[in-house]
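*Asks:* This one is model-v7.cif, mmCIF, C-alpha atoms.
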data_entry
#
loop_
_atom_site.label_atom_id
_atom_site.label_comp_id
_atom_site.auth_asym_id
_atom_site.auth_seq_id
_atom_site.Cartn_x
_atom_site.Cartn_y
_atom_site.Cartn_z
CA MET A 103 18.02 -1.57 -28.28
CA LYS A 104 20.62 -1.96 -25.61
CA LYS A 105 19.59 -1.09 -22.14
CA ARG A 106 20.58 -1.84 -18.65
CA MET A 107 17.94 -2.27 -16.04
CA THR A 108 18.43 -1.96 -12.37
CA TRP A 109 15.48 -3.08 -10.33
CA VAL A 110 15.03 -1.64 -6.96
CA VAL A 111 12.47 -3.16 -4.70
CA VAL A 112 10.95 -0.87 -2.17
CA VAL A 113 8.21 -1.50 0.29
CA ALA A 114 5.48 1.08 0.47
CA VAL A 115 3.38 1.01 3.56
CA VAL A 116 0.00 2.43 2.83
CA GLY A 117 -2.27 3.33 5.64
CA VAL A 118 -5.98 3.59 5.31
CA LEU A 119 -7.63 5.84 7.81
CA THR A 120 -11.25 4.99 8.19
CA GLY A 121 -13.95 6.76 10.07
CA ALA A 122 -11.57 9.45 11.22
CA ALA A 123 -11.88 13.18 11.03
CA PHE A 124 -8.17 13.54 10.41
CA ALA A 125 -7.47 16.44 8.09
CA GLN A 126 -4.42 15.70 5.97
CA PHE A 127 -4.86 18.61 3.59
CA ALA A 128 -4.12 22.22 4.45
CA LYS A 129 -6.49 23.41 1.72
CA THR A 130 -9.30 21.82 -0.26
CA GLU A 131 -7.30 22.61 -3.40
CA ASP A 132 -4.49 20.42 -2.09
CA ALA A 133 -6.88 17.47 -1.83
CA ILE A 134 -7.98 18.03 -5.43
CA LYS A 135 -4.41 18.36 -6.67
CA TYR A 136 -3.38 15.33 -4.63
CA ARG A 137 -5.95 13.01 -6.17
CA GLN A 138 -5.41 14.47 -9.64
CA SER A 139 -1.68 13.86 -9.31
CA VAL A 140 -2.24 10.27 -8.23
CA MET A 141 -4.78 9.62 -10.97
CA PHE A 142 -2.51 11.09 -13.63
CA LEU A 143 0.28 8.74 -12.56
CA VAL A 144 -2.16 5.83 -12.41
CA GLY A 145 -3.31 6.70 -15.94
CA GLN A 146 0.26 6.89 -17.25
CA HIS A 147 1.25 3.51 -15.86
CA TYR A 148 -2.08 1.93 -16.81
CA SER A 149 -1.60 3.13 -20.40
CA ARG A 150 1.84 1.56 -20.53
CA MET A 151 0.19 -1.76 -19.76
CA GLY A 152 -2.55 -0.96 -22.27
CA ALA A 153 0.02 -0.59 -25.05
CA VAL A 154 1.18 -4.15 -24.35
CA VAL A 155 -2.37 -5.51 -24.09
CA LYS A 156 -3.19 -3.91 -27.44
CA GLY A 157 -0.02 -5.32 -29.01
CA GLU A 158 1.52 -1.90 -29.63
CA GLN A 159 4.47 -2.70 -27.38
CA PRO A 160 6.21 -6.03 -26.85
CA TYR A 161 5.41 -7.90 -23.65
CA ASN A 162 8.13 -7.67 -21.03
CA LYS A 163 7.19 -9.43 -17.82
CA GLU A 164 9.24 -7.28 -15.45
CA ALA A 165 8.12 -4.00 -16.98
CA LEU A 166 4.45 -4.96 -16.97
CA GLU A 167 4.68 -6.23 -13.41
CA LYS A 168 6.31 -3.00 -12.32
CA ASN A 169 3.51 -0.98 -13.87
CA ALA A 170 0.83 -3.18 -12.33
CA ILE A 171 2.33 -2.90 -8.85
CA LEU A 172 2.77 0.84 -9.19
CA VAL A 173 -0.84 1.30 -10.25
CA GLU A 174 -2.05 -0.86 -7.38
CA SER A 175 0.11 1.03 -4.88
CA LEU A 176 -0.72 4.51 -6.11
CA TYR A 177 -4.44 3.81 -6.25
CA ARG A 178 -4.44 3.07 -2.51
CA LEU A 179 -3.52 6.67 -1.74
CA PRO A 180 -6.29 9.08 -2.81
CA LEU A 181 -9.56 7.94 -1.23
CA GLU A 182 -9.33 10.51 1.56
CA ALA A 183 -8.55 13.21 -1.01
CA PHE A 184 -11.66 12.27 -2.99
CA MET A 185 -13.80 12.35 0.14
CA THR A 186 -12.62 15.79 1.33
CA PRO A 187 -15.68 18.00 1.93
CA GLY A 188 -16.16 20.68 -0.70
CA SER A 189 -13.64 19.15 -3.06
CA ASP A 190 -16.17 18.58 -5.82
CA LYS A 191 -16.09 22.30 -6.55
CA GLY A 192 -13.52 23.35 -9.13
CA SER A 193 -12.76 19.76 -10.01
CA GLY A 194 -14.00 17.09 -12.39
CA MET A 195 -15.74 15.19 -9.60
CA LYS A 196 -19.51 15.26 -9.36
CA ALA A 197 -21.13 16.39 -6.10
CA ASP A 198 -22.77 12.94 -6.02
CA ALA A 199 -19.44 11.42 -5.00
CA LEU A 200 -19.59 13.25 -1.68
CA ALA A 201 -23.34 12.80 -1.30
CA GLN A 202 -22.93 9.05 -1.85
CA LYS A 203 -19.76 8.60 0.19
CA ASP A 204 -20.38 4.95 1.05
CA LYS A 205 -21.16 3.98 -2.52
CA PHE A 206 -18.16 5.89 -3.84
CA SER A 207 -15.85 4.32 -1.27
CA GLN A 208 -17.22 0.88 -2.10
CA MET A 209 -16.52 1.41 -5.80
CA HIS A 210 -13.02 2.58 -4.94
CA LYS A 211 -12.43 -0.57 -2.89
CA THR A 212 -13.75 -2.74 -5.71
CA THR A 213 -11.27 -1.17 -8.10
CA GLU A 214 -8.51 -1.65 -5.50
CA ALA A 215 -9.33 -5.34 -5.49
CA GLU A 216 -9.32 -5.55 -9.29
CA LEU A 217 -5.95 -3.80 -9.43
CA ALA A 218 -4.55 -6.15 -6.80
CA LYS A 219 -5.69 -9.06 -8.99
CA LEU A 220 -4.02 -7.42 -11.98
CA ALA A 221 -0.74 -7.15 -10.06
CA ALA A 222 -1.09 -10.82 -9.12
CA VAL A 223 -1.65 -12.04 -12.69
CA ALA A 224 1.14 -9.74 -13.90
CA LYS A 225 3.41 -11.58 -11.47
CA GLY A 226 2.13 -14.87 -12.85
CA GLY A 227 3.23 -13.91 -16.35
CA ASP A 228 0.35 -15.38 -18.36
CA LEU A 229 -0.34 -12.73 -21.01
CA ASN A 230 -3.86 -13.96 -21.73
CA ALA A 231 -4.75 -13.78 -18.03
CA ILE A 232 -3.20 -10.31 -17.91
CA LYS A 233 -5.27 -9.13 -20.87
CA SER A 234 -8.45 -10.48 -19.31
CA GLN A 235 -7.79 -8.89 -15.90
CA PHE A 236 -6.66 -5.63 -17.52
CA GLY A 237 -10.13 -5.48 -19.08
CA ALA A 238 -11.89 -6.29 -15.80
CA ALA A 239 -9.95 -3.63 -13.91
CA GLY A 240 -10.58 -1.12 -16.68
CA ALA A 241 -14.30 -1.81 -16.49
CA SER A 242 -14.17 -1.07 -12.78
CA CYS A 243 -12.39 2.23 -13.44
CA LYS A 244 -14.95 3.12 -16.08
CA ALA A 245 -17.95 2.34 -13.85
CA CYS A 246 -16.71 4.85 -11.28
CA HIS A 247 -15.81 7.46 -13.89
CA ASP A 248 -19.26 7.11 -15.46
CA ALA A 249 -20.94 7.55 -12.09
CA TYR A 250 -18.84 10.28 -10.54
CA ARG A 251 -16.74 12.12 -13.08
CA ASN A 252 -18.06 15.04 -15.05
CA LYS A 253 -18.15 14.44 -18.77
CA MET B 226 -10.17 11.08 18.56
CA LYS B 227 -11.27 7.58 17.76
CA LYS B 228 -9.95 6.08 14.67
CA ARG B 229 -9.40 2.70 13.20
CA MET B 230 -6.36 2.09 11.14
CA THR B 231 -5.88 -0.69 8.70
CA TRP B 232 -2.39 -1.04 7.45
CA VAL B 233 -1.85 -2.56 4.13
CA VAL B 234 1.63 -3.37 3.07
CA VAL B 235 2.24 -3.32 -0.59
CA VAL B 236 5.42 -3.85 -2.45
CA ALA B 237 6.27 -1.34 -5.10
CA VAL B 238 8.82 -2.44 -7.59
CA VAL B 239 10.50 0.54 -9.06
CA GLY B 240 12.64 0.12 -12.10
CA VAL B 241 15.35 2.49 -13.03
CA LEU B 242 16.17 2.53 -16.69
CA THR B 243 19.64 3.82 -17.26
CA GLY B 244 21.38 4.76 -20.44
CA ALA B 245 18.37 3.84 -22.51
CA ALA B 246 16.60 5.77 -25.23
CA PHE B 247 13.26 4.33 -24.17
CA ALA B 248 10.49 6.85 -24.62
CA GLN B 249 7.87 6.39 -21.92
CA PHE B 250 5.97 9.58 -22.61
CA ALA B 251 3.67 10.13 -25.57
CA LYS B 252 4.14 13.89 -25.32
CA THR B 253 6.71 16.17 -23.67
CA GLU B 254 3.82 17.68 -21.69
CA ASP B 255 3.15 14.25 -20.18
CA ALA B 256 6.72 14.10 -18.89
CA ILE B 257 6.31 17.52 -17.29
CA LYS B 258 2.95 16.61 -15.75
CA TYR B 259 4.35 13.27 -14.60
CA ARG B 260 7.22 14.78 -12.64
CA GLN B 261 5.05 17.62 -11.33
CA SER B 262 2.52 15.07 -10.08
CA VAL B 263 5.21 13.05 -8.35
CA MET B 264 6.84 16.12 -6.82
CA PHE B 265 3.50 17.44 -5.55
CA LEU B 266 2.87 14.13 -3.79
CA VAL B 267 6.42 14.08 -2.46
CA GLY B 268 5.90 17.62 -1.14
CA GLN B 269 2.62 16.70 0.53
CA HIS B 270 4.04 13.70 2.35
CA TYR B 271 7.29 15.52 3.18
CA SER B 272 5.27 18.35 4.73
CA ARG B 273 3.36 15.88 6.89
CA MET B 274 6.69 14.79 8.34
CA GLY B 275 7.74 18.44 8.60
CA ALA B 276 4.75 19.19 10.81
CA VAL B 277 5.94 16.51 13.24
CA VAL B 278 9.56 17.67 13.09
CA LYS B 279 8.43 21.22 13.87
CA GLY B 280 6.26 20.00 16.74
CA GLU B 281 3.01 21.12 15.11
CA GLN B 282 1.72 17.54 15.04
CA PRO B 283 2.29 14.75 17.56
CA TYR B 284 4.81 12.09 16.64
CA ASN B 285 3.25 8.82 15.55
CA LYS B 286 5.84 6.26 14.50
CA GLU B 287 3.69 4.38 12.01
CA ALA B 288 2.36 7.51 10.31
CA LEU B 289 5.80 9.07 10.01
CA GLU B 290 7.30 5.84 8.71
CA LYS B 291 4.54 5.58 6.13
CA ASN B 292 5.24 9.10 4.91
CA ALA B 293 9.00 8.49 4.78
CA ILE B 294 8.59 5.29 2.75
CA LEU B 295 6.11 6.93 0.39
CA VAL B 296 8.44 9.86 -0.23
CA GLU B 297 11.36 7.53 -0.84
CA SER B 298 9.30 5.36 -3.21
CA LEU B 299 7.74 8.21 -5.16
CA TYR B 300 11.02 10.04 -5.57
CA ARG B 301 12.45 7.04 -7.44
CA LEU B 302 9.97 7.55 -10.27
CA PRO B 303 10.55 10.87 -12.06
CA LEU B 304 14.21 11.01 -13.15
CA GLU B 305 13.39 10.00 -16.72
CA ALA B 306 10.60 12.57 -16.81
CA PHE B 307 13.02 15.29 -15.70
CA MET B 308 15.53 14.25 -18.36
CA THR B 309 13.06 14.24 -21.26
CA PRO B 310 14.45 16.42 -24.07
CA GLY B 311 12.64 19.74 -24.47
CA SER B 312 10.82 19.38 -21.16
CA ASP B 313 12.39 22.52 -19.68
CA LYS B 314 10.10 24.61 -21.87
CA GLY B 315 6.80 25.51 -20.26
CA SER B 316 7.90 24.19 -16.90
CA GLY B 317 9.70 25.41 -13.80
CA MET B 318 12.86 23.53 -14.69
CA LYS B 319 15.90 25.44 -15.93
CA ALA B 320 17.46 24.48 -19.28
CA ASP B 321 20.65 23.82 -17.29
CA ALA B 322 19.11 20.62 -15.94
CA LEU B 323 19.14 19.10 -19.42
CA ALA B 324 22.47 20.68 -20.37
CA GLN B 325 24.01 19.23 -17.19
CA LYS B 326 22.31 15.85 -17.32
CA ASP B 327 25.03 13.99 -15.42
CA LYS B 328 25.20 16.56 -12.64
CA PHE B 329 21.42 16.70 -12.35
CA SER B 330 21.16 12.91 -12.23
CA GLN B 331 23.88 12.77 -9.60
CA MET B 332 22.02 15.27 -7.42
CA HIS B 333 18.85 13.25 -7.86
CA LYS B 334 20.67 10.08 -6.75
CA THR B 335 22.12 11.90 -3.75
CA THR B 336 18.64 12.93 -2.67
CA GLU B 337 17.42 9.36 -3.24
CA ALA B 338 20.09 8.19 -0.82
CA GLU B 339 19.15 10.84 1.77
CA LEU B 340 15.49 9.85 1.53
CA ALA B 341 16.39 6.19 1.90
CA LYS B 342 18.27 7.12 5.08
CA LEU B 343 15.23 9.05 6.28
CA ALA B 344 13.01 6.01 5.74
CA ALA B 345 15.53 3.92 7.68
CA VAL B 346 15.66 6.27 10.69
CA ALA B 347 11.87 6.60 10.58
CA LYS B 348 11.73 2.84 10.94
CA GLY B 349 14.17 3.09 13.85
CA GLY B 350 11.81 5.43 15.70
CA ASP B 351 14.35 7.81 17.27
CA LEU B 352 12.73 11.22 16.87
CA ASN B 353 16.00 13.13 17.24
CA ALA B 354 17.61 11.05 14.51
CA ILE B 355 14.53 11.61 12.36
CA LYS B 356 14.73 15.38 12.86
CA SER B 357 18.40 15.40 11.95
CA GLN B 358 17.95 13.29 8.81
CA PHE B 359 14.83 15.25 7.81
CA GLY B 360 17.08 18.32 7.76
CA ALA B 361 19.81 16.58 5.76
CA ALA B 362 17.34 15.32 3.17
CA GLY B 363 15.71 18.75 2.98
CA ALA B 364 19.10 20.35 2.34
CA SER B 365 19.60 17.91 -0.54
CA CYS B 366 16.20 18.86 -2.00
CA LYS B 367 17.05 22.54 -1.66
CA ALA B 368 20.45 22.23 -3.34
CA CYS B 369 18.81 20.80 -6.45
CA HIS B 370 15.96 23.31 -6.42
CA ASP B 371 18.46 26.17 -6.09
CA ALA B 372 20.47 24.86 -9.01
CA TYR B 373 17.75 23.78 -11.41
CA ARG B 374 14.38 25.27 -10.52
CA ASN B 375 13.29 28.66 -11.74
CA LYS B 376 12.66 31.15 -8.96
#
In C-alpha cells, write the structure found in this file.
*Replies:*
Amino acid sequence: MKKRMTWVVVVAVVGVLTGAAFAQFAKTEDAIKYRQSVMFLVGQHYSRMGAVVKGEQPYNKEALEKNAILVESLYRLPLEAFMTPGSDKGSGMKADALAQKDKFSQMHKTTEAELAKLAAVAKGGDLNAIKSQFGAAGASCKACHDAYRNK
Amino acid sequence: MKKRMTWVVVVAVVGVLTGAAFAQFAKTEDAIKYRQSVMFLVGQHYSRMGAVVKGEQPYNKEALEKNAILVESLYRLPLEAFMTPGSDKGSGMKADALAQKDKFSQMHKTTEAELAKLAAVAKGGDLNAIKSQFGAAGASCKACHDAYRNK
C-alpha cells in the first residue's frame, strides 16, 4: 500500500478551570453533546490503538503515537461538561457522578495521568510497554464507566 | 469571580493521510459520527470566540488563544471522515461533496489555513486583528457549508 504521510505538529493549549462558576455551555444539552462528542473521538482513536495491541493491525510508531497524543489531548477537554448541573438527565451518566463530584473528578484525573503515560510510552516505541500501559489506561476508563455510566 | 486556572500545554500531533486508501472507520456511520463530533466541538469553541468578538464576553487573551488553537487542531482531523464513500447518505452532507472530492478538499484546506491564521493573531493579542480574521475564517466556513451542507 503506497501512501504519503504529512505530519503536522500543532500545539493545543488546554485550560483547566477549577473551582469556577464559569458557564461555558448555553444549554445543558450542549454540555452532554460536548462530552459525548469528545468521548466518541476518544473511543475511535483508542480503538485504533487497540487494533495494534491485539495484533489486528501492524504496529506503526508514528500512527500509534499520534493516536495516543490525540486521546490524551481530547480527554483533557470534557470534565466541565461532565460536571454541568442537571446533565445526568437524558444522558448515559448516572446522577451519582454529580452527587460525587470530587470522586468523579479524581477518577477523571487518574485516567488523564494514565493516558499521559500511554502517550509517553508510545513516544518511546517499545510495543510491550505500550501494550501494558494500554491495558492500565483501559482499566482506568473501565473503573469510571462501571461507577458512573448507565449500563 | 475568583478562579484558579491551571494551564496545561499538550502537543497534538495530527497526521494527514493523503492519497491513501486506508480505511480508518469500521462503519460508514462511524465516519459520519466522527466528523459530526469534531464539527460540534469546533462550533462550540468557535462560538466562544464569537461571543468575545461580538462583545458579549470580555476579551481574555489566554482563553481566546486556547479556543483558537483548539479549533485549528480539531479541524485538522475530519477530512478523511468527510471523504468516506457513501457517507453523504443519512447525513447533512450533499452528495456533491463526494462527487467533487478535489474541490471539497481544497475548500477544507483553505479553511485550515484561515484557522491557522486565526490562531496566530490570537497569539498576537490584537483584538481588532482577531475580529477581522474571525470574520475571514467564518466566511471560509460559510462558503463550504453553502456549497456542501444540506439546508
*Asks:* Using CA of Pro303 in chain B and CA of Gly226 in chain A as the two end points, give the distance in Å to one decimal.
*Replies:*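 Computing the Euclidean distance for CA of Pro303 in chain B and CA of Gly226 in chain A yields 27.1 Å.
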*Asks:* For this file, the PyMOL selection byres ((chain B and resi 360) around 12) selects which residues, as a PDB file with C-alpha atoms, keeping the file's coordinate frame?
*Replies:*
ATOM      1  CA  TYR B 271       7.290  15.520   3.180  1.00  0.00           C
ATOM      2  CA  MET B 274       6.690  14.790   8.340  1.00  0.00           C
ATOM      3  CA  GLY B 275       7.740  18.440   8.600  1.00  0.00           C
ATOM      4  CA  VAL B 278       9.560  17.670  13.090  1.00  0.00           C
ATOM      5  CA  LYS B 279       8.430  21.220  13.870  1.00  0.00           C
ATOM      6  CA  THR B 336      18.640  12.930  -2.670  1.00  0.00           C
ATOM      7  CA  GLU B 339      19.150  10.840   1.770  1.00  0.00           C
ATOM      8  CA  LEU B 340      15.490   9.850   1.530  1.00  0.00           C
ATOM      9  CA  LYS B 342      18.270   7.120   5.080  1.00  0.00           C
ATOM     10  CA  LEU B 343      15.230   9.050   6.280  1.00  0.00           C
ATOM     11  CA  ASN B 353      16.000  13.130  17.240  1.00  0.00           C
ATOM     12  CA  ALA B 354      17.610  11.050  14.510  1.00  0.00           C
ATOM     13  CA  ILE B 355      14.530  11.610  12.360  1.00  0.00           C
ATOM     14  CA  LYS B 356      14.730  15.380  12.860  1.00  0.00           C
ATOM     15  CA  SER B 357      18.400  15.400  11.950  1.00  0.00           C
ATOM     16  CA  GLN B 358      17.950  13.290   8.810  1.00  0.00           C
ATOM     17  CA  PHE B 359      14.830  15.250   7.810  1.00  0.00           C
ATOM     18  CA  ALA B 361      19.810  16.580   5.760  1.00  0.00           C
ATOM     19  CA  ALA B 362      17.340  15.320   3.170  1.00  0.00           C
ATOM     20  CA  GLY B 363      15.710  18.750   2.980  1.00  0.00           C
ATOM     21  CA  ALA B 364      19.100  20.350   2.340  1.00  0.00           C
ATOM     22  CA  SER B 365      19.600  17.910  -0.540  1.00  0.00           C
ATOM     23  CA  CYS B 366      16.200  18.860  -2.000  1.00  0.00           C
ATOM     24  CA  LYS B 367      17.050  22.540  -1.660  1.00  0.00           C
TER      25      LYS B 367
END
*Asks:* Quote the C-alpha RMSD, in Å to one decimal, that results from superposing chain B on chain A by least squares across all C-alpha atoms in order.
*Replies:* 0.1 Å
*Asks:* Of the candidates B:Asp371, B:Glu290, B:Glu254, B:Asp313, which one gets nearest to chain A if we count all atoms listed in the file?
*Replies:*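 Using all atoms listed in the file, chain A sits closest to B:Glu290.
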*Asks:* Taking (-12.9, 3.8, -3.1) in the file's coordinates as the center, which residues reach within 12 Å of it, counting only C-alpha atoms, put as a PyMOL selection string?
*Replies:* chain A and resi 118+120+137+177-185+199-200+202-216+242-243+245-247+250
*Asks:* Using CA of Ala218 in chain A and CA of Glu174 in chain A as the two end points, give the distance in Å to one decimal.
*Replies:*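 CA of Glu174 in chain A lies 5.9 Å from CA of Ala218 in chain A.
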*Asks:* Please indicate the distance in Å from CA of Ala324 in chain B to CA of Leu299 in chain B, rounded to one decimal place.
*Replies:*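 Here the two named atoms are 24.6 Å from each other.
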*Asks:* So, with all atoms listed in the file as the atoms that count, which of A:Lys225, A:Leu172, A:Leu166, A:Pro160 lies closest to chain B?
*Replies:* A:Leu172
*Asks:* Quick check on the file I pasted: which residues fall under the PyMOL selection byres ((chain B and resi 265-267) around 7)? Write them as a list in words.
*Replies:*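 Applied to this file, the PyMOL selection byres ((chain B and resi 265-267) around 7) selects Tyr136 of chain A; Gln261, Ser262, Val263, Met264, Gly268, Gln269, His270, Tyr271, Val296, Leu299 and Tyr300 of chain B.
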*Asks:* Have a look at A:Asn169, A:Ala249, A:Asp198, A:Pro187 and name the one nearest to Ala224 in chain A; count all atoms listed in the file.
*Replies:*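 Using all atoms listed in the file, the shortest distance to Ala224 in chain A belongs to A:Asn169.
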*Asks:* Nearest residue to chain B out of A:Ala221, A:Ala133, A:Met195, A:Ile171, using only C-alpha atoms?
*Replies:*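 Ranked by minimum distance to chain B, first place goes to A:Ile171.
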*Asks:* Return the single residue from B:Ser272, B:Asn285, B:Ser298, B:Thr253 that is closest to chain A, with distances computed using all atoms listed in the file.
*Replies:*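 Answer, going by the shortest atom-to-atom distance: B:Ser298.
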*Asks:* For each of A:Gly192, A:Thr186, A:Ile134, A:Ala197, take the minimum atom-to-atom distance to chain B, counting only C-alpha atoms, then give the residue where this is smallest.
*Replies:*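 Among the listed residues, the smallest separation from chain B belongs to A:Ile134.
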